[in-house]
Amino acid sequence: METEILIRVAVIVIAAVAVLLFTRKYFSNIKRKANITAQYTARIVKVCILIAAAALIVLQIPALKTVITPILAGSGVLVLVVSLAAQESLSNIISGWFIVAFKTFEIGDRIHIMSTDIVGNITDITLRHTIVKTFTNTEVVVPNSVMNKSNIENFSLTDTKSSSFIDVSVAYEADIELAMSILGTIIGEHPQYCGNLPVNVFVRNLGESGVELRASMWTASIGENFEACSDTRYRILKEFARNGIEIPYNKLVTITHPQPHTTETK
């Protein structure tokens, strides 16, 4: 009799492990596409398989079945206590389903949780919480119920391109057309530039010491923009110097007058 029970329990464990491996392999291909529905459903399925396997194992063992069945059938107080204890967990699970169903965000989206002023990228969602990775490289664990109740600003639902002005001043004596051509070419040839070609270069102002030129550096994200602008300004400095285009700057000239020579008389 005991051997038969052990065999049935072993079969249940092997079947549960096989189903878990199959579901993990199935959902892993979908999760590579950063699909939040697959991420959340995979965890729901895993929990359901484990609960079903545990229940089947309990039913195969007469001693456990004899003890647990009366408790579940007659203890209303126990059921009430368990229900109250699991209320917050159930709230997070249900909130997670709402997030998934209404596509509030996806894995990888950059969001702003307004109620907590947290800004970062979604990296994972579990049955209980959502993980947000901030720009300081820390991970914030936010309960799904909080995420579901909060106003969320999703930056990834709109165009994430970023733009900064490249302002350069050149001397009035310089070849302005050549300076504008160099500026537009350097920006347009940058590997991170994602704006229109040819690049529009404007005369922004006629300043006191030079002609002020302006063009826009467009990149796919804010993170790329600072680096792209830095590279562009460095190349502009080198190309202007190579082509003899002066960038005017304030110069301080100090003139020292020689002390008059005096002859001491006695």
# chains A, B, ... in the order shown; residues from 1 in each chain; ligands from 1
call {"tool": "select_by_dssp", "arguments": {"residues": "stretch 9-231 of chain A", "states": "helix (DSSP H, G or I)", "output": "number ranges by chain"}}
result
A: 9-31, 36-60, 62-74, 76-85, 87-101, 144-149, 155-157, 176-189, 222-231
call {"tool": "write_last_selection", "arguments": {"atoms": "C-alpha atoms", "output": "compact mmCIF listing (two decimals), in the first residue's frame"}}
result
# COMPACT_ATOMS: atom_id res chain seq x y z
CA VAL A 9 3.34 10.76 -5.46
CA ALA A 10 6.44 10.27 -7.64
CA VAL A 11 4.34 10.30 -10.78
CA ILE A 12 2.66 13.55 -9.69
CA VAL A 13 6.04 15.18 -8.93
CA ILE A 14 7.54 14.06 -12.25
CA ALA A 15 4.47 15.26 -14.15
CA ALA A 16 4.53 18.63 -12.37
CA VAL A 17 8.24 19.11 -13.12
CA ALA A 18 7.71 18.17 -16.77
CA VAL A 19 4.83 20.63 -17.14
CA LEU A 20 6.86 23.38 -15.43
CA LEU A 21 9.80 22.81 -17.77
CA PHE A 22 7.50 22.85 -20.80
CA THR A 23 5.75 26.07 -19.76
CA ARG A 24 9.06 27.77 -18.91
CA LYS A 25 10.45 26.91 -22.34
CA TYR A 26 7.23 28.03 -24.03
CA PHE A 27 7.06 31.38 -22.27
CA SER A 28 10.81 32.07 -22.46
CA ASN A 29 10.57 32.63 -26.23
CA ILE A 30 7.76 35.12 -25.72
CA LYS A 31 9.46 36.90 -22.82
CA ILE A 36 4.46 41.82 -20.06
CA THR A 37 1.44 39.53 -20.63
CA ALA A 38 3.71 36.52 -21.09
CA GLN A 39 5.80 37.54 -18.08
CA TYR A 40 2.79 37.70 -15.78
CA THR A 41 0.92 34.69 -17.22
CA ALA A 42 4.03 32.51 -16.85
CA ARG A 43 4.08 33.18 -13.12
CA ILE A 44 0.34 32.55 -12.75
CA VAL A 45 0.66 29.22 -14.54
CA LYS A 46 3.64 28.23 -12.37
CA VAL A 47 1.74 28.93 -9.14
CA CYS A 48 -1.33 27.03 -10.39
CA ILE A 49 0.79 23.99 -11.30
CA LEU A 50 2.48 23.96 -7.88
CA ILE A 51 -0.83 24.32 -6.02
CA ALA A 52 -2.46 21.56 -8.10
CA ALA A 53 0.52 19.24 -7.56
CA ALA A 54 0.52 19.88 -3.81
CA ALA A 55 -3.24 19.22 -3.59
CA LEU A 56 -2.92 15.95 -5.54
CA ILE A 57 -0.06 14.78 -3.32
CA VAL A 58 -2.11 15.50 -0.18
CA LEU A 59 -5.02 13.48 -1.60
CA GLN A 60 -2.72 10.50 -2.19
CA PRO A 62 -4.57 9.02 3.63
CA ALA A 63 -3.16 10.41 6.90
CA LEU A 64 -2.90 13.96 5.53
CA LYS A 65 -6.26 13.69 3.80
CA THR A 66 -7.93 12.61 7.06
CA VAL A 67 -6.48 15.55 8.96
CA ILE A 68 -6.91 18.34 6.38
CA THR A 69 -10.40 17.52 5.08
CA PRO A 70 -12.26 18.14 8.41
CA ILE A 71 -10.28 21.32 8.99
CA LEU A 72 -11.20 22.76 5.62
CA ALA A 73 -14.81 21.65 5.95
CA GLY A 74 -15.55 22.78 9.48
CA GLY A 76 -14.92 28.80 9.25
CA VAL A 77 -12.69 30.86 11.55
CA LEU A 78 -9.56 29.46 9.90
CA VAL A 79 -10.92 30.26 6.46
CA LEU A 80 -11.71 33.82 7.61
CA VAL A 81 -8.20 34.32 9.05
CA VAL A 82 -6.56 33.03 5.89
CA SER A 83 -8.79 35.23 3.76
CA LEU A 84 -7.91 38.35 5.73
CA ALA A 85 -4.21 37.49 5.66
CA GLN A 87 -6.36 40.08 1.16
CA GLU A 88 -3.36 42.25 0.29
CA SER A 89 -1.80 39.48 -1.80
CA LEU A 90 -5.03 38.96 -3.72
CA SER A 91 -5.28 42.71 -4.26
CA ASN A 92 -1.79 42.73 -5.82
CA ILE A 93 -2.61 39.74 -8.03
CA ILE A 94 -5.85 41.29 -9.28
CA SER A 95 -4.12 44.65 -9.81
CA GLY A 96 -1.45 42.86 -11.81
CA TRP A 97 -4.14 41.40 -14.06
CA PHE A 98 -5.59 44.89 -14.64
CA ILE A 99 -2.13 46.23 -15.55
CA VAL A 100 -1.59 43.37 -18.00
CA ALA A 101 -5.11 43.51 -19.46
CA ASN A 144 0.95 46.06 -8.06
CA SER A 145 -1.93 47.62 -6.12
CA VAL A 146 0.04 50.88 -5.85
CA MET A 147 0.88 50.76 -9.57
CA ASN A 148 -2.76 50.17 -10.45
CA LYS A 149 -4.00 53.11 -8.35
CA PHE A 155 7.33 58.21 -21.83
CA SER A 156 7.64 55.20 -24.15
CA LEU A 157 4.13 55.65 -25.56
CA ILE A 176 30.21 81.99 -42.93
CA GLU A 177 28.97 79.67 -45.68
CA LEU A 178 31.88 77.28 -45.11
CA ALA A 179 31.25 77.35 -41.34
CA MET A 180 27.55 76.52 -41.86
CA SER A 181 28.47 73.70 -44.25
CA ILE A 182 30.97 72.18 -41.80
CA LEU A 183 28.47 72.42 -38.93
CA GLY A 184 25.71 70.68 -40.90
CA THR A 185 28.03 67.97 -42.25
CA ILE A 186 29.47 67.04 -38.86
CA ILE A 187 26.03 66.75 -37.27
CA GLY A 188 24.55 64.78 -40.17
CA GLU A 189 27.44 62.31 -40.28
CA ILE A 222 18.01 61.38 -24.03
CA GLY A 223 20.84 59.11 -22.92
CA GLU A 224 22.51 59.30 -26.34
CA ASN A 225 22.06 63.04 -26.78
CA PHE A 226 24.66 64.30 -24.33
CA GLU A 227 27.39 62.08 -25.77
CA ALA A 228 26.46 62.95 -29.36
CA CYS A 229 26.55 66.71 -28.64
CA SER A 230 29.92 66.37 -26.92
CA ASP A 231 31.41 64.49 -29.89
call {"tool": "residues_around", "arguments": {"residues": "A:Asn250", "least_positions_apart": "3", "cutoff": "12 Å", "atoms": "only C-alpha atoms", "output": "PyMOL selection string"}}
result
chain A and resi 171+208-210+247+253
call {"tool": "write_last_selection", "arguments": {"atoms": "C-alpha atoms", "output": "tab-separated table (two decimals), in the first residue's frame"}}
result
chain	number	residue	atom	x	y	z
A	171	ALA	CA	34.17	85.67	-36.39
A	208	GLU	CA	28.81	91.72	-30.57
A	209	SER	CA	31.86	89.59	-31.34
A	210	GLY	CA	30.67	87.13	-34.00
A	247	ILE	CA	35.70	81.13	-32.94
A	253	VAL	CA	45.53	91.84	-22.61
call {"tool": "residues_around", "arguments": {"residues": "A:Ile61", "least_positions_apart": "6", "cutoff": "10 Å", "atoms": "only C-alpha atoms", "output": "ChimeraX atom specification"}}
result
/A:2,5-6,8-9
call {"tool": "residues_around", "arguments": {"residues": "A:Thr138", "least_positions_apart": "3", "cutoff": "12 Å", "atoms": "only C-alpha atoms", "output": "short mmCIF file (atom, residue, chain, number, x, y, z; two decimals) with N, CA and C atoms, in the first residue's frame"}}
result
data_model
loop_
_atom_site.label_atom_id
_atom_site.label_comp_id
_atom_site.auth_asym_id
_atom_site.auth_seq_id
_atom_site.Cartn_x
_atom_site.Cartn_y
_atom_site.Cartn_z
N ILE A 118 8.61 58.33 -8.65
CA ILE A 118 9.65 57.38 -9.08
C ILE A 118 9.71 57.40 -10.61
N VAL A 119 10.92 57.57 -11.15
CA VAL A 119 11.13 57.56 -12.60
C VAL A 119 12.13 56.46 -12.93
N GLY A 120 11.80 55.61 -13.89
CA GLY A 120 12.72 54.54 -14.27
C GLY A 120 12.12 53.64 -15.33
N ASN A 121 12.80 52.52 -15.58
CA ASN A 121 12.38 51.57 -16.60
C ASN A 121 11.82 50.30 -15.95
N ILE A 122 10.71 49.79 -16.50
CA ILE A 122 10.11 48.56 -16.01
C ILE A 122 11.02 47.39 -16.39
N THR A 123 11.44 46.60 -15.41
CA THR A 123 12.30 45.45 -15.69
C THR A 123 11.60 44.12 -15.45
N ILE A 131 8.88 45.78 -10.66
CA ILE A 131 10.23 46.27 -10.38
C ILE A 131 10.58 47.38 -11.37
N VAL A 132 10.99 48.51 -10.83
CA VAL A 132 11.37 49.68 -11.63
C VAL A 132 12.84 49.98 -11.38
N LYS A 133 13.62 50.03 -12.46
CA LYS A 133 15.04 50.35 -12.36
C LYS A 133 15.24 51.83 -12.64
N THR A 134 15.74 52.57 -11.66
CA THR A 134 15.90 54.01 -11.77
C THR A 134 17.21 54.35 -12.49
N PHE A 135 17.41 55.65 -12.73
CA PHE A 135 18.60 56.09 -13.45
C PHE A 135 19.84 56.09 -12.57
N VAL A 141 10.98 48.25 -5.72
CA VAL A 141 9.90 47.26 -5.73
C VAL A 141 8.60 47.95 -5.35
#
call {"tool": "residues_around", "arguments": {"residues": "A:Val170", "least_positions_apart": "6", "cutoff": "7 Å", "atoms": "only C-alpha atoms", "output": "list of chain:residue names"}}
result
A:Gly210, A:Val211, A:Glu212, A:Ile245, A:Glu246, A:Ile247, A:Pro248
call {"tool": "residues_around", "arguments": {"residues": "A:Gly195", "least_positions_apart": "2", "cutoff": "9 Å", "atoms": "only C-alpha atoms", "output": "list in words"}}
result
Ser163, Gly188, Tyr193, Leu197, Pro198, Val199, Ser216, Met217, Trp218 and Thr219 of chain A
call {"tool": "write_last_selection", "arguments": {"atoms": "N, CA and C atoms", "output": "tab-separated table (two decimals), in the first residue's frame"}}
result
chain	number	residue	atom	x	y	z
A	163	SER	N	16.36	66.19	-28.58
A	163	SER	CA	17.06	67.19	-29.39
A	163	SER	C	17.74	68.22	-28.49
A	188	GLY	N	25.23	65.80	-39.36
A	188	GLY	CA	24.55	64.78	-40.17
A	188	GLY	C	25.31	63.48	-40.27
A	193	TYR	N	22.97	60.49	-34.92
A	193	TYR	CA	22.02	61.50	-35.41
A	193	TYR	C	20.86	60.81	-36.11
A	197	LEU	N	17.85	65.03	-43.08
A	197	LEU	CA	19.02	65.38	-43.87
A	197	LEU	C	18.57	66.11	-45.14
A	198	PRO	N	19.29	67.13	-45.58
A	198	PRO	CA	20.45	67.71	-44.92
A	198	PRO	C	20.07	68.47	-43.66
A	199	VAL	N	21.04	68.65	-42.79
A	199	VAL	CA	20.81	69.34	-41.52
A	199	VAL	C	20.63	70.84	-41.77
A	216	SER	N	20.34	71.66	-34.80
A	216	SER	CA	19.79	70.74	-33.81
A	216	SER	C	20.41	69.36	-33.96
A	217	MET	N	20.80	68.78	-32.82
A	217	MET	CA	21.30	67.40	-32.79
A	217	MET	C	20.17	66.50	-32.28
A	218	TRP	N	19.62	65.67	-33.17
A	218	TRP	CA	18.54	64.75	-32.82
A	218	TRP	C	19.11	63.35	-32.61
A	219	THR	N	18.74	62.73	-31.48
A	219	THR	CA	19.15	61.36	-31.20
A	219	THR	C	17.93	60.53	-30.79
call {"tool": "closest_residue", "arguments": {"among": "A:Cys194, A:Ala174, A:Ile113, A:Leu237", "to": "A:Ser221", "atoms": "only C-alpha atoms"}}
result
A:Cys194
call {"tool": "decode", "arguments": {"residues": "stretch 12-57 of chain A", "atoms": "N, CA and C atoms", "output": "compact mmCIF listing (two decimals), in the first residue's frame"}}
result
# COMPACT_ATOMS: atom_id res chain seq x y z
N ILE A 12 3.18 12.17 -9.75
CA ILE A 12 2.66 13.55 -9.69
C ILE A 12 3.82 14.55 -9.73
N VAL A 13 4.88 14.27 -8.96
CA VAL A 13 6.04 15.18 -8.93
C VAL A 13 6.70 15.25 -10.30
N ILE A 14 6.91 14.09 -10.93
CA ILE A 14 7.54 14.06 -12.25
C ILE A 14 6.68 14.80 -13.28
N ALA A 15 5.37 14.59 -13.22
CA ALA A 15 4.47 15.26 -14.15
C ALA A 15 4.49 16.78 -13.94
N ALA A 16 4.51 17.19 -12.67
CA ALA A 16 4.53 18.63 -12.37
C ALA A 16 5.82 19.27 -12.88
N VAL A 17 6.96 18.59 -12.66
CA VAL A 17 8.24 19.11 -13.12
C VAL A 17 8.27 19.20 -14.64
N ALA A 18 7.73 18.17 -15.30
CA ALA A 18 7.71 18.17 -16.77
C ALA A 18 6.87 19.32 -17.31
N VAL A 19 5.70 19.54 -16.69
CA VAL A 19 4.83 20.63 -17.14
C VAL A 19 5.49 21.99 -16.88
N LEU A 20 6.17 22.12 -15.73
CA LEU A 20 6.86 23.38 -15.43
C LEU A 20 7.97 23.66 -16.44
N LEU A 21 8.73 22.64 -16.78
CA LEU A 21 9.80 22.81 -17.77
C LEU A 21 9.24 23.19 -19.14
N PHE A 22 8.11 22.55 -19.51
CA PHE A 22 7.50 22.85 -20.80
C PHE A 22 6.99 24.29 -20.84
N THR A 23 6.29 24.71 -19.79
CA THR A 23 5.75 26.07 -19.76
C THR A 23 6.86 27.12 -19.71
N ARG A 24 7.94 26.82 -18.97
CA ARG A 24 9.06 27.77 -18.91
C ARG A 24 9.70 27.95 -20.28
N LYS A 25 9.88 26.84 -21.01
CA LYS A 25 10.45 26.91 -22.34
C LYS A 25 9.52 27.64 -23.30
N TYR A 26 8.21 27.40 -23.15
CA TYR A 26 7.23 28.03 -24.03
C TYR A 26 7.20 29.54 -23.83
N PHE A 27 7.16 29.96 -22.55
CA PHE A 27 7.06 31.38 -22.27
C PHE A 27 8.39 32.12 -22.42
N SER A 28 9.51 31.40 -22.35
CA SER A 28 10.81 32.07 -22.46
C SER A 28 10.99 32.70 -23.84
N ASN A 29 10.48 32.06 -24.89
CA ASN A 29 10.57 32.63 -26.23
C ASN A 29 9.76 33.90 -26.36
N ILE A 30 8.61 33.93 -25.67
CA ILE A 30 7.76 35.12 -25.72
C ILE A 30 8.35 36.24 -24.87
N LYS A 31 8.92 35.89 -23.72
CA LYS A 31 9.46 36.90 -22.82
C LYS A 31 10.67 37.61 -23.40
N ARG A 32 11.33 36.98 -24.36
CA ARG A 32 12.45 37.66 -25.01
C ARG A 32 11.99 38.89 -25.77
N LYS A 33 10.71 38.91 -26.12
CA LYS A 33 10.14 40.05 -26.84
C LYS A 33 9.64 41.13 -25.87
N ALA A 34 9.98 40.99 -24.59
CA ALA A 34 9.58 41.96 -23.55
C ALA A 34 8.07 42.10 -23.47
N ASN A 35 7.37 40.96 -23.52
CA ASN A 35 5.91 40.96 -23.46
C ASN A 35 5.48 40.80 -22.01
N ILE A 36 4.84 41.85 -21.47
CA ILE A 36 4.46 41.82 -20.06
C ILE A 36 3.36 40.79 -19.79
N THR A 37 2.50 40.54 -20.78
CA THR A 37 1.44 39.53 -20.63
C THR A 37 2.05 38.15 -20.43
N ALA A 38 3.04 37.81 -21.23
CA ALA A 38 3.71 36.52 -21.09
C ALA A 38 4.44 36.42 -19.76
N GLN A 39 5.07 37.52 -19.35
CA GLN A 39 5.80 37.54 -18.08
C GLN A 39 4.88 37.23 -16.90
N TYR A 40 3.73 37.86 -16.90
CA TYR A 40 2.79 37.70 -15.78
C TYR A 40 2.08 36.35 -15.86
N THR A 41 1.64 35.97 -17.04
CA THR A 41 0.92 34.69 -17.22
C THR A 41 1.82 33.52 -16.85
N ALA A 42 3.10 33.59 -17.17
CA ALA A 42 4.03 32.51 -16.85
C ALA A 42 4.07 32.26 -15.34
N ARG A 43 4.04 33.34 -14.57
CA ARG A 43 4.08 33.18 -13.12
C ARG A 43 2.75 32.65 -12.58
N ILE A 44 1.65 33.08 -13.16
CA ILE A 44 0.34 32.55 -12.75
C ILE A 44 0.27 31.05 -13.00
N VAL A 45 0.69 30.64 -14.18
CA VAL A 45 0.66 29.22 -14.54
C VAL A 45 1.55 28.41 -13.60
N LYS A 46 2.73 28.93 -13.27
CA LYS A 46 3.64 28.23 -12.37
C LYS A 46 3.01 28.01 -11.01
N VAL A 47 2.38 29.05 -10.46
CA VAL A 47 1.74 28.93 -9.14
C VAL A 47 0.59 27.93 -9.19
N CYS A 48 -0.20 27.96 -10.26
CA CYS A 48 -1.33 27.03 -10.39
C CYS A 48 -0.85 25.59 -10.47
N ILE A 49 0.24 25.35 -11.19
CA ILE A 49 0.79 23.99 -11.30
C ILE A 49 1.27 23.50 -9.94
N LEU A 50 1.97 24.35 -9.19
CA LEU A 50 2.48 23.96 -7.88
C LEU A 50 1.34 23.68 -6.90
N ILE A 51 0.32 24.53 -6.92
CA ILE A 51 -0.83 24.32 -6.02
C ILE A 51 -1.55 23.02 -6.38
N ALA A 52 -1.77 22.78 -7.67
CA ALA A 52 -2.46 21.56 -8.10
C ALA A 52 -1.65 20.33 -7.73
N ALA A 53 -0.33 20.38 -7.92
CA ALA A 53 0.52 19.24 -7.56
C ALA A 53 0.49 18.97 -6.07
N ALA A 54 0.55 20.05 -5.27
CA ALA A 54 0.52 19.88 -3.81
C ALA A 54 -0.81 19.28 -3.36
N ALA A 55 -1.92 19.75 -3.94
CA ALA A 55 -3.24 19.22 -3.59
C ALA A 55 -3.37 17.74 -3.95
N LEU A 56 -2.86 17.35 -5.11
CA LEU A 56 -2.92 15.95 -5.54
C LEU A 56 -2.07 15.06 -4.64
N ILE A 57 -0.92 15.56 -4.22
CA ILE A 57 -0.06 14.78 -3.32
C ILE A 57 -0.74 14.57 -1.98
